[in-house]
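Everything below belongs to input.txt, which stores compact mmCIF, C-alpha atoms and all ligand atoms.
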# COMPACT_ATOMS: atom_id res chain seq x y z
CA MET A 1 34.61 43.04 2.27
CA ILE A 2 34.76 40.95 -0.87
CA MET A 3 33.38 42.64 -3.99
CA ARG A 4 34.75 40.24 -6.56
CA LYS A 5 32.99 40.86 -9.87
CA ARG A 6 31.83 38.02 -12.08
CA ILE A 7 32.23 38.69 -15.79
CA VAL A 8 31.44 37.03 -19.09
CA ALA A 9 33.38 38.68 -21.92
CA GLY A 10 33.03 38.08 -25.63
CA ASN A 11 36.16 38.37 -27.75
CA TRP A 12 34.92 38.69 -31.31
CA LYS A 13 38.49 38.68 -32.72
CA MET A 14 38.67 39.55 -36.45
CA ASN A 15 35.17 38.42 -37.33
CA MET A 16 32.04 39.95 -38.85
CA GLU A 17 31.22 43.12 -40.74
CA ILE A 18 29.36 46.15 -39.50
CA GLY A 19 25.88 44.72 -40.19
CA SER A 20 26.43 41.41 -38.42
CA ALA A 21 28.36 43.09 -35.59
CA ARG A 22 25.48 45.51 -34.98
CA GLU A 23 22.98 42.68 -35.09
CA LEU A 24 24.94 40.55 -32.61
CA ALA A 25 25.40 43.42 -30.13
CA ARG A 26 21.69 44.32 -30.36
CA SER A 27 20.59 40.77 -30.00
CA VAL A 28 22.76 40.17 -26.90
CA CYS A 29 21.63 43.45 -25.30
CA ASN A 30 17.94 43.00 -26.05
CA ASP A 31 17.89 39.47 -24.72
CA LEU A 32 19.74 40.47 -21.57
CA ALA A 33 17.41 43.43 -21.00
CA THR A 34 14.56 41.00 -20.30
CA ARG A 35 16.62 38.99 -17.83
CA ALA A 36 16.66 40.85 -14.54
CA ASP A 37 17.13 37.41 -12.93
CA LEU A 38 20.72 37.28 -14.19
CA GLY A 39 21.76 40.07 -11.82
CA LEU A 40 23.70 42.13 -14.35
CA GLY A 41 24.98 45.34 -12.83
CA LYS A 42 24.79 43.75 -9.38
CA GLY A 43 28.24 42.26 -9.20
CA LYS A 44 27.91 40.65 -12.63
CA GLU A 45 28.92 42.14 -15.96
CA VAL A 46 29.05 41.37 -19.64
CA VAL A 47 31.78 42.95 -21.78
CA LEU A 48 31.85 42.79 -25.58
CA PHE A 49 35.18 43.11 -27.40
CA PRO A 50 34.41 43.85 -31.08
CA PRO A 51 37.03 44.83 -33.66
CA TYR A 52 38.10 48.50 -33.29
CA LEU A 53 36.05 49.66 -36.29
CA PHE A 54 32.78 48.56 -34.75
CA LEU A 55 33.60 49.64 -31.21
CA PRO A 56 31.89 53.09 -31.26
CA GLU A 57 28.69 51.56 -32.54
CA VAL A 58 28.77 48.69 -30.04
CA VAL A 59 29.39 51.20 -27.24
CA GLU A 60 26.27 53.11 -28.31
CA ILE A 61 24.19 49.94 -28.43
CA CYS A 62 25.33 48.86 -24.95
CA ARG A 63 25.06 52.32 -23.42
CA GLU A 64 21.48 52.11 -22.20
CA PHE A 65 21.83 48.64 -20.71
CA VAL A 66 22.92 48.13 -17.14
CA GLY A 67 25.91 45.84 -16.65
CA ILE A 68 26.85 45.55 -20.35
CA HIS A 69 30.07 47.22 -21.51
CA ALA A 70 32.30 47.35 -24.55
CA GLY A 71 36.07 47.21 -24.87
CA ALA A 72 38.93 47.00 -27.36
CA GLN A 73 40.92 43.88 -28.21
CA ASN A 74 44.24 45.71 -27.98
CA CYS A 75 45.70 49.17 -27.53
CA HIS A 76 48.95 50.86 -28.45
CA GLN A 77 51.41 51.69 -25.72
CA GLU A 78 52.11 55.27 -26.81
CA GLY A 79 49.78 58.20 -26.22
CA LYS A 80 49.76 59.52 -29.79
CA GLY A 81 52.01 60.19 -32.75
CA ALA A 82 53.44 58.70 -35.90
CA TYR A 83 52.34 55.07 -35.48
CA THR A 84 50.44 54.45 -38.69
CA GLY A 85 47.61 52.00 -38.31
CA GLU A 86 47.64 51.93 -34.52
CA ILE A 87 45.02 52.92 -31.93
CA ALA A 88 45.85 54.66 -28.64
CA ALA A 89 44.17 53.94 -25.31
CA SER A 90 42.91 57.54 -25.18
CA MET A 91 41.07 56.98 -28.48
CA ILE A 92 39.42 53.87 -27.11
CA LYS A 93 38.38 55.78 -24.02
CA SER A 94 37.10 58.68 -26.11
CA VAL A 95 34.47 56.55 -27.85
CA GLY A 96 33.10 55.42 -24.49
CA ALA A 97 34.70 51.99 -24.17
CA THR A 98 35.55 50.86 -20.65
CA HIS A 99 37.91 47.89 -21.07
CA THR A 100 40.78 46.65 -23.21
CA LEU A 101 42.28 43.20 -23.63
CA ILE A 102 46.04 43.18 -23.10
CA GLY A 103 48.36 40.41 -24.19
CA HIS A 104 45.93 37.98 -25.75
CA SER A 105 47.95 34.93 -26.81
CA GLU A 106 47.25 35.75 -30.47
CA ARG A 107 48.88 39.16 -29.92
CA ARG A 108 51.79 37.49 -28.15
CA SER A 109 52.36 34.87 -30.82
CA TYR A 110 51.41 36.54 -34.14
CA PHE A 111 52.48 40.08 -33.30
CA GLY A 112 55.46 39.37 -31.09
CA GLU A 113 54.08 41.14 -28.03
CA ASP A 114 56.32 40.39 -25.06
CA ASP A 115 55.98 41.05 -21.35
CA GLU A 116 57.88 44.32 -21.50
CA LEU A 117 55.58 45.70 -24.19
CA LEU A 118 52.51 44.41 -22.38
CA ALA A 119 53.57 46.21 -19.22
CA LYS A 120 53.63 49.44 -21.26
CA LYS A 121 50.23 48.70 -22.78
CA THR A 122 48.83 48.05 -19.32
CA LYS A 123 50.22 51.41 -18.19
CA ALA A 124 48.62 53.17 -21.17
CA ALA A 125 45.27 51.52 -20.43
CA MET A 126 45.38 52.48 -16.75
CA GLU A 127 46.37 56.05 -17.49
CA ASN A 128 43.28 56.34 -19.64
CA ASP A 129 40.98 54.79 -17.13
CA LEU A 130 40.37 51.61 -19.09
CA THR A 131 40.10 48.31 -17.25
CA PRO A 132 42.84 46.04 -18.57
CA VAL A 133 41.83 42.42 -19.04
CA PHE A 134 45.33 40.99 -18.89
CA CYS A 135 45.66 37.61 -20.59
CA CYS A 136 48.15 34.94 -19.56
CA GLY A 137 48.55 31.25 -20.28
CA GLU A 138 51.00 28.56 -21.28
CA LEU A 139 51.63 26.77 -24.58
CA LEU A 140 51.03 23.02 -24.83
CA PRO A 141 54.75 22.04 -24.67
CA GLU A 142 55.10 24.21 -21.57
CA ARG A 143 52.29 22.33 -19.85
CA GLU A 144 53.64 19.00 -21.01
CA ALA A 145 57.00 19.92 -19.51
CA ASN A 146 55.17 20.82 -16.28
CA ASN A 147 56.29 24.41 -16.65
CA HIS A 148 52.86 26.02 -16.78
CA PHE A 149 52.96 27.57 -13.32
CA GLU A 150 56.35 29.16 -13.95
CA VAL A 151 55.26 30.52 -17.34
CA VAL A 152 52.11 32.14 -15.97
CA LYS A 153 54.01 33.48 -12.97
CA SER A 154 56.60 35.18 -15.14
CA GLN A 155 53.91 36.68 -17.41
CA LEU A 156 52.21 38.19 -14.37
CA VAL A 157 55.35 39.31 -12.58
CA ASN A 158 56.75 41.04 -15.68
CA GLY A 159 53.51 42.31 -17.17
CA LEU A 160 51.49 43.33 -14.11
CA PHE A 161 53.12 43.10 -10.72
CA TRP A 162 55.04 46.34 -11.15
CA LEU A 163 51.68 48.13 -10.67
CA GLU A 164 51.01 49.92 -7.39
CA GLU A 165 48.27 48.31 -5.34
CA VAL A 166 45.74 51.09 -6.05
CA ALA A 167 46.12 50.52 -9.77
CA PHE A 168 46.24 46.73 -9.55
CA ARG A 169 42.82 46.74 -7.91
CA HIS A 170 41.33 47.72 -11.29
CA VAL A 171 42.89 44.85 -13.22
CA VAL A 172 41.06 41.76 -14.45
CA ILE A 173 43.13 38.66 -15.28
CA ALA A 174 42.15 36.10 -17.91
CA TYR A 175 43.85 32.73 -17.74
CA GLU A 176 43.81 31.28 -21.24
CA PRO A 177 45.88 28.14 -21.79
CA VAL A 178 46.98 28.54 -25.41
CA TRP A 179 46.33 24.86 -26.20
CA ALA A 180 42.65 25.42 -25.36
CA ILE A 181 42.06 28.52 -27.50
CA GLY A 182 39.96 27.81 -30.58
CA THR A 183 40.85 24.11 -30.42
CA GLY A 184 37.71 22.66 -28.86
CA VAL A 185 39.92 21.26 -26.09
CA THR A 186 38.95 22.90 -22.81
CA ALA A 187 40.98 22.88 -19.63
CA SER A 188 39.26 20.57 -17.18
CA PRO A 189 37.48 22.34 -14.31
CA GLU A 190 40.27 21.01 -12.05
CA GLN A 191 43.04 22.39 -14.28
CA ALA A 192 41.30 25.77 -14.44
CA GLN A 193 40.69 25.92 -10.69
CA GLU A 194 44.27 24.85 -9.93
CA MET A 195 45.77 27.63 -12.05
CA HIS A 196 43.29 30.27 -10.87
CA ALA A 197 44.05 29.42 -7.24
CA PHE A 198 47.76 29.62 -8.05
CA ILE A 199 47.29 33.08 -9.61
CA ARG A 200 45.29 34.29 -6.63
CA GLY A 201 48.04 33.02 -4.36
CA LEU A 202 50.65 35.01 -6.30
CA VAL A 203 48.53 38.14 -6.00
CA LYS A 204 48.17 37.56 -2.28
CA GLU A 205 51.95 37.33 -1.91
CA GLN A 206 52.57 40.39 -4.05
CA TYR A 207 49.79 42.60 -2.70
CA SER A 208 47.51 41.29 0.05
CA GLU A 209 44.87 38.71 0.78
CA GLU A 210 42.18 41.35 0.43
CA VAL A 211 43.42 42.42 -3.02
CA ALA A 212 43.64 38.77 -4.10
CA GLU A 213 40.14 37.96 -2.88
CA ASN A 214 38.71 40.91 -4.79
CA LEU A 215 40.48 40.08 -8.05
CA THR A 216 38.37 38.78 -10.93
CA ILE A 217 40.05 35.89 -12.77
CA LEU A 218 38.40 34.72 -15.99
CA TYR A 219 38.95 31.43 -17.76
CA GLY A 220 39.27 31.38 -21.56
CA GLY A 221 39.79 28.64 -24.12
CA SER A 222 36.97 26.71 -25.80
CA CYS A 223 34.53 27.71 -23.11
CA ASN A 224 31.02 27.10 -24.43
CA ALA A 225 27.37 26.73 -23.47
CA LYS A 226 27.96 23.11 -22.44
CA ASN A 227 31.02 23.42 -20.23
CA ALA A 228 30.59 26.95 -18.81
CA LYS A 229 28.56 25.95 -15.77
CA GLU A 230 31.11 23.44 -14.55
CA LEU A 231 34.03 25.79 -15.16
CA PHE A 232 32.33 28.76 -13.49
CA SER A 233 31.30 26.73 -10.45
CA ASN A 234 34.91 26.59 -9.25
CA PRO A 235 35.64 28.93 -6.34
CA ASP A 236 38.44 30.80 -8.12
CA VAL A 237 36.88 30.97 -11.60
CA ASP A 238 34.96 34.25 -11.77
CA GLY A 239 33.67 34.01 -15.31
CA GLY A 240 35.00 33.59 -18.81
CA LEU A 241 36.60 35.19 -21.84
CA ILE A 242 34.76 33.63 -24.73
CA GLY A 243 35.92 33.56 -28.35
CA GLY A 244 34.05 31.37 -30.85
CA ALA A 245 30.96 30.88 -28.70
CA SER A 246 30.51 34.65 -28.28
CA LEU A 247 29.71 35.05 -31.98
CA LYS A 248 26.27 33.47 -31.62
CA ALA A 249 23.89 35.37 -29.36
CA HIS A 250 22.09 32.22 -28.27
CA ASP A 251 25.28 30.39 -27.20
CA PHE A 252 26.69 33.49 -25.56
CA LEU A 253 23.47 33.98 -23.55
CA GLN A 254 23.62 30.43 -22.30
CA ILE A 255 27.16 31.08 -21.09
CA ILE A 256 25.99 34.23 -19.30
CA GLU A 257 23.22 32.19 -17.68
CA ALA A 258 25.93 29.91 -16.29
CA LEU A 259 27.65 32.81 -14.50
P1 LIG B 1 37.87 30.44 -27.88
O1 LIG B 1 38.79 31.75 -27.70
O2 LIG B 1 36.74 30.58 -26.90
O3 LIG B 1 37.40 30.49 -29.31
O4 LIG B 1 38.73 29.27 -27.58
C1 LIG B 1 39.00 32.31 -26.44
C2 LIG B 1 39.91 33.51 -26.57
O5 LIG B 1 40.81 33.49 -27.41
O6 LIG B 1 39.75 34.52 -25.86
So that I can check it, write out the structure of this file as structure tokens.
Amino acid sequence: MIMRKRIVAGNWKMNMEIGSARELARSVCNDLATRADLGLGKGKEVVLFPPYLFLPEVVEICREFVGIHAGAQNCHQEGKGAYTGEIAASMIKSVGATHTLIGHSERRSYFGEDDELLAKKTKAAMENDLTPVFCCGELLPEREANNHFEVVKSQLVNGLFWLEEVAFRHVVIAYEPVWAIGTGVTASPEQAQEMHAFIRGLVKEQYSEEVAENLTILYGGSCNAKNAKELFSNPDVDGGLIGGASLKAHDFLQIIEAL
């Protein structure tokens, strides 16, 4: 039986302060609470990814709403210890968060996170019962050189495919072509569908058709209220990871309506 979840996630990145973060979380939750028609909690979910500092508060705000969760934008690979300034997966779990992003392209490029490290972070997330939202995607020159499938394949093989099937079933993948992130240039619905179908095919080969069919694959990169519907209507696009457009409740709600 196919139980593929559809998800809209908001990646707030390094934006806002406690007051505006609280206001945004409340506004999203309160608006969604009046929208039983959206089917949240019935195979559809919203996940907010605020900066670490605001995570406990956002968790508390989301707690009473069905189908709305909160997660971290990153986690450290070690369980605990002398890693000044870092946050462990167990800490994220302990404040009631349910998800963590792993390997966002900004982590890969600005903080030098490579596949080997991301495999460890994925392990840490799974051991602490957090759903990893594992990000992959090619750079513009890689697409121009027609290398995008190979790049995404190697990110998935090295970062994720070492997982046993029981663990892999809990993973969410976000395909985010780097050239589309924060640029206003979105992948066309065809480009998104093509890559999502490719990813599902890889998962089928590695695990099984049933695992592949149940996997949630999100699209990210300049997804907004205008283009969400067309992107989400593709058979292998199960929702979106939204950056800029998740910072305004009204825009974010319109994207959720498109799910
Ligand atoms: P964007 O960011 O929607 O602002 O392009 C997406 C992301 O980085 O997750």
**Q.** Within 9 Å of ligand LIG 1 (chain B), counting only C-alpha atoms and all ligand atoms, residues as a PyMOL selection string
**A.** chain A and resi 9-13+104-106+135+174+176+178-186+219-224+240-246
Q.
Calculated over only C-alpha atoms, which of the candidates A:Ala25, A:Ala89, A:Leu130, A:Ala36 has the smallest distance to Glu60 (chain A)?
A.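 Using only C-alpha atoms, the shortest distance to Glu60 (chain A) belongs to A:Ala25.
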Q | Residues within 7 Å of region 196-198 of chain A, only C-alpha atoms, excluding chain neighbours under 5 positions, as a PyMOL selection string | A | chain A and resi 217+236-237
**Q.** Coordinates-based distance that separates CA of Lys44 (chain A) from CA of Arg6 (chain A) (Å, one decimal)
**A.**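 Value for the CA of Arg6 (chain A)-CA of Lys44 (chain A) distance: 4.8 Å.
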Q.
Would you pick out the contacts of His69 (chain A) at 9 Å or less, using all atoms listed in the file, so that residues sharing its chain but fewer than 2 positions from it are not included, and give the list as a list in words?
A.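 With the cut-off at 9 Å, the set is Glu45, Val46, Val47, Leu48, Phe49, Val58, Val59, Cys62, Arg63, Phe65, Val66, Gly67, Gly71, Ala97, Thr98 and His99 of chain A.
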Q) Please, what distance in Å, to one decimal, runs between CA of Ala33 (chain A) and CA of Ile68 (chain A)? A)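 Computed distance, CA of Ala33 (chain A) to CA of Ile68 (chain A), equals 9.7 Å.
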Q. Any idea what's packed within 10 Å of region 145-150 of chain A, counting only C-alpha atoms, ignoring anything in its chain fewer than 6 positions away? Could you give it as a list in words?
A. Gly137, Glu138, Leu139, Leu156, Pro177, Glu194, Met195, Phe198 and Ile199 of chain A
Go ahead and write the residues just picked, C-alpha atoms, as a PDB file, keeping the file's coordinate frame.
ATOM      1  CA  GLY A 137      48.550  31.250 -20.280  1.00  0.00           C
ATOM      2  CA  GLU A 138      51.000  28.560 -21.280  1.00  0.00           C
ATOM      3  CA  LEU A 139      51.630  26.770 -24.580  1.00  0.00           C
ATOM      4  CA  LEU A 156      52.210  38.190 -14.370  1.00  0.00           C
ATOM      5  CA  PRO A 177      45.880  28.140 -21.790  1.00  0.00           C
ATOM      6  CA  GLU A 194      44.270  24.850  -9.930  1.00  0.00           C
ATOM      7  CA  MET A 195      45.770  27.630 -12.050  1.00  0.00           C
ATOM      8  CA  PHE A 198      47.760  29.620  -8.050  1.00  0.00           C
ATOM      9  CA  ILE A 199      47.290  33.080  -9.610  1.00  0.00           C
TER      10      ILE A 199
END
Q: Mind checking which residues fall within 12 Å of Cys75 (chain A), counting all atoms listed in the file, ignoring those fewer than 3 positions away in the same chain, and posting them as a ChimeraX atom specification?
A: /A:51-52,71-72,78-80,83,85-93,97,99-104,107,113,117-126,128,130-134
What does the file look like for those residues with C-alpha atoms, as an mmCIF file, in the frame of the given file?
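Saved the output as again.cif:
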data_model
loop_
_atom_site.group_PDB
_atom_site.id
_atom_site.type_symbol
_atom_site.label_atom_id
_atom_site.label_comp_id
_atom_site.auth_asym_id
_atom_site.auth_seq_id
_atom_site.Cartn_x
_atom_site.Cartn_y
_atom_site.Cartn_z
ATOM 1 C CA PRO A 51 37.030 44.830 -33.660
ATOM 2 C CA TYR A 52 38.100 48.500 -33.290
ATOM 3 C CA GLY A 71 36.070 47.210 -24.870
ATOM 4 C CA ALA A 72 38.930 47.000 -27.360
ATOM 5 C CA GLU A 78 52.110 55.270 -26.810
ATOM 6 C CA GLY A 79 49.780 58.200 -26.220
ATOM 7 C CA LYS A 80 49.760 59.520 -29.790
ATOM 8 C CA TYR A 83 52.340 55.070 -35.480
ATOM 9 C CA GLY A 85 47.610 52.000 -38.310
ATOM 10 C CA GLU A 86 47.640 51.930 -34.520
ATOM 11 C CA ILE A 87 45.020 52.920 -31.930
ATOM 12 C CA ALA A 88 45.850 54.660 -28.640
ATOM 13 C CA ALA A 89 44.170 53.940 -25.310
ATOM 14 C CA SER A 90 42.910 57.540 -25.180
ATOM 15 C CA MET A 91 41.070 56.980 -28.480
ATOM 16 C CA ILE A 92 39.420 53.870 -27.110
ATOM 17 C CA LYS A 93 38.380 55.780 -24.020
ATOM 18 C CA ALA A 97 34.700 51.990 -24.170
ATOM 19 C CA HIS A 99 37.910 47.890 -21.070
ATOM 20 C CA THR A 100 40.780 46.650 -23.210
ATOM 21 C CA LEU A 101 42.280 43.200 -23.630
ATOM 22 C CA ILE A 102 46.040 43.180 -23.100
ATOM 23 C CA GLY A 103 48.360 40.410 -24.190
ATOM 24 C CA HIS A 104 45.930 37.980 -25.750
ATOM 25 C CA ARG A 107 48.880 39.160 -29.920
ATOM 26 C CA GLU A 113 54.080 41.140 -28.030
ATOM 27 C CA LEU A 117 55.580 45.700 -24.190
ATOM 28 C CA LEU A 118 52.510 44.410 -22.380
ATOM 29 C CA ALA A 119 53.570 46.210 -19.220
ATOM 30 C CA LYS A 120 53.630 49.440 -21.260
ATOM 31 C CA LYS A 121 50.230 48.700 -22.780
ATOM 32 C CA THR A 122 48.830 48.050 -19.320
ATOM 33 C CA LYS A 123 50.220 51.410 -18.190
ATOM 34 C CA ALA A 124 48.620 53.170 -21.170
ATOM 35 C CA ALA A 125 45.270 51.520 -20.430
ATOM 36 C CA MET A 126 45.380 52.480 -16.750
ATOM 37 C CA ASN A 128 43.280 56.340 -19.640
ATOM 38 C CA LEU A 130 40.370 51.610 -19.090
ATOM 39 C CA THR A 131 40.100 48.310 -17.250
ATOM 40 C CA PRO A 132 42.840 46.040 -18.570
ATOM 41 C CA VAL A 133 41.830 42.420 -19.040
ATOM 42 C CA PHE A 134 45.330 40.990 -18.890
#
May I have the centre and edge lengths, in Å to one decimal, of an axis-aligned box around the listed atoms of region 18-23 of chain A with 5 Å added to every side, as JSON?
{"center_x": 26.2, "center_y": 43.8, "center_z": -37.6, "size_x": 16.4, "size_y": 14.7, "size_z": 15.2}
(Q) To one decimal place in Å, what is the distance between CA of Ala249 (chain A) and CA of Gln73 (chain A)? (A)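 Those two atoms sit 19.1 Å apart.
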Near-Glu165 (chain A) list (12 Å; all atoms listed in the file; drop same-chain fewer than 5 positions) as a compact mmCIF listing (two decimals) with C-alpha atoms, keeping the file's coordinate frame:
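Here's the written file result-v9.txt:
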# COMPACT_ATOMS: atom_id res chain seq x y z
CA LEU A 160 51.49 43.33 -14.11
CA HIS A 170 41.33 47.72 -11.29
CA VAL A 171 42.89 44.85 -13.22
CA VAL A 203 48.53 38.14 -6.00
CA LYS A 204 48.17 37.56 -2.28
CA GLN A 206 52.57 40.39 -4.05
CA TYR A 207 49.79 42.60 -2.70
CA SER A 208 47.51 41.29 0.05
CA GLU A 209 44.87 38.71 0.78
CA GLU A 210 42.18 41.35 0.43
CA VAL A 211 43.42 42.42 -3.02
CA ALA A 212 43.64 38.77 -4.10
CA LEU A 215 40.48 40.08 -8.05
**Q.** Given only C-alpha atoms as the counted atoms, nearest of A:Ala167, A:Met16, A:Leu40, A:Ala228 to Pro189 (chain A)
**A.** A:Ala228
Q | Best match for closeness to Ser20 (chain A) among A:Phe252, A:Thr84, A:Asn227, A:Leu247, counting all atoms listed in the file | A | A:Leu247
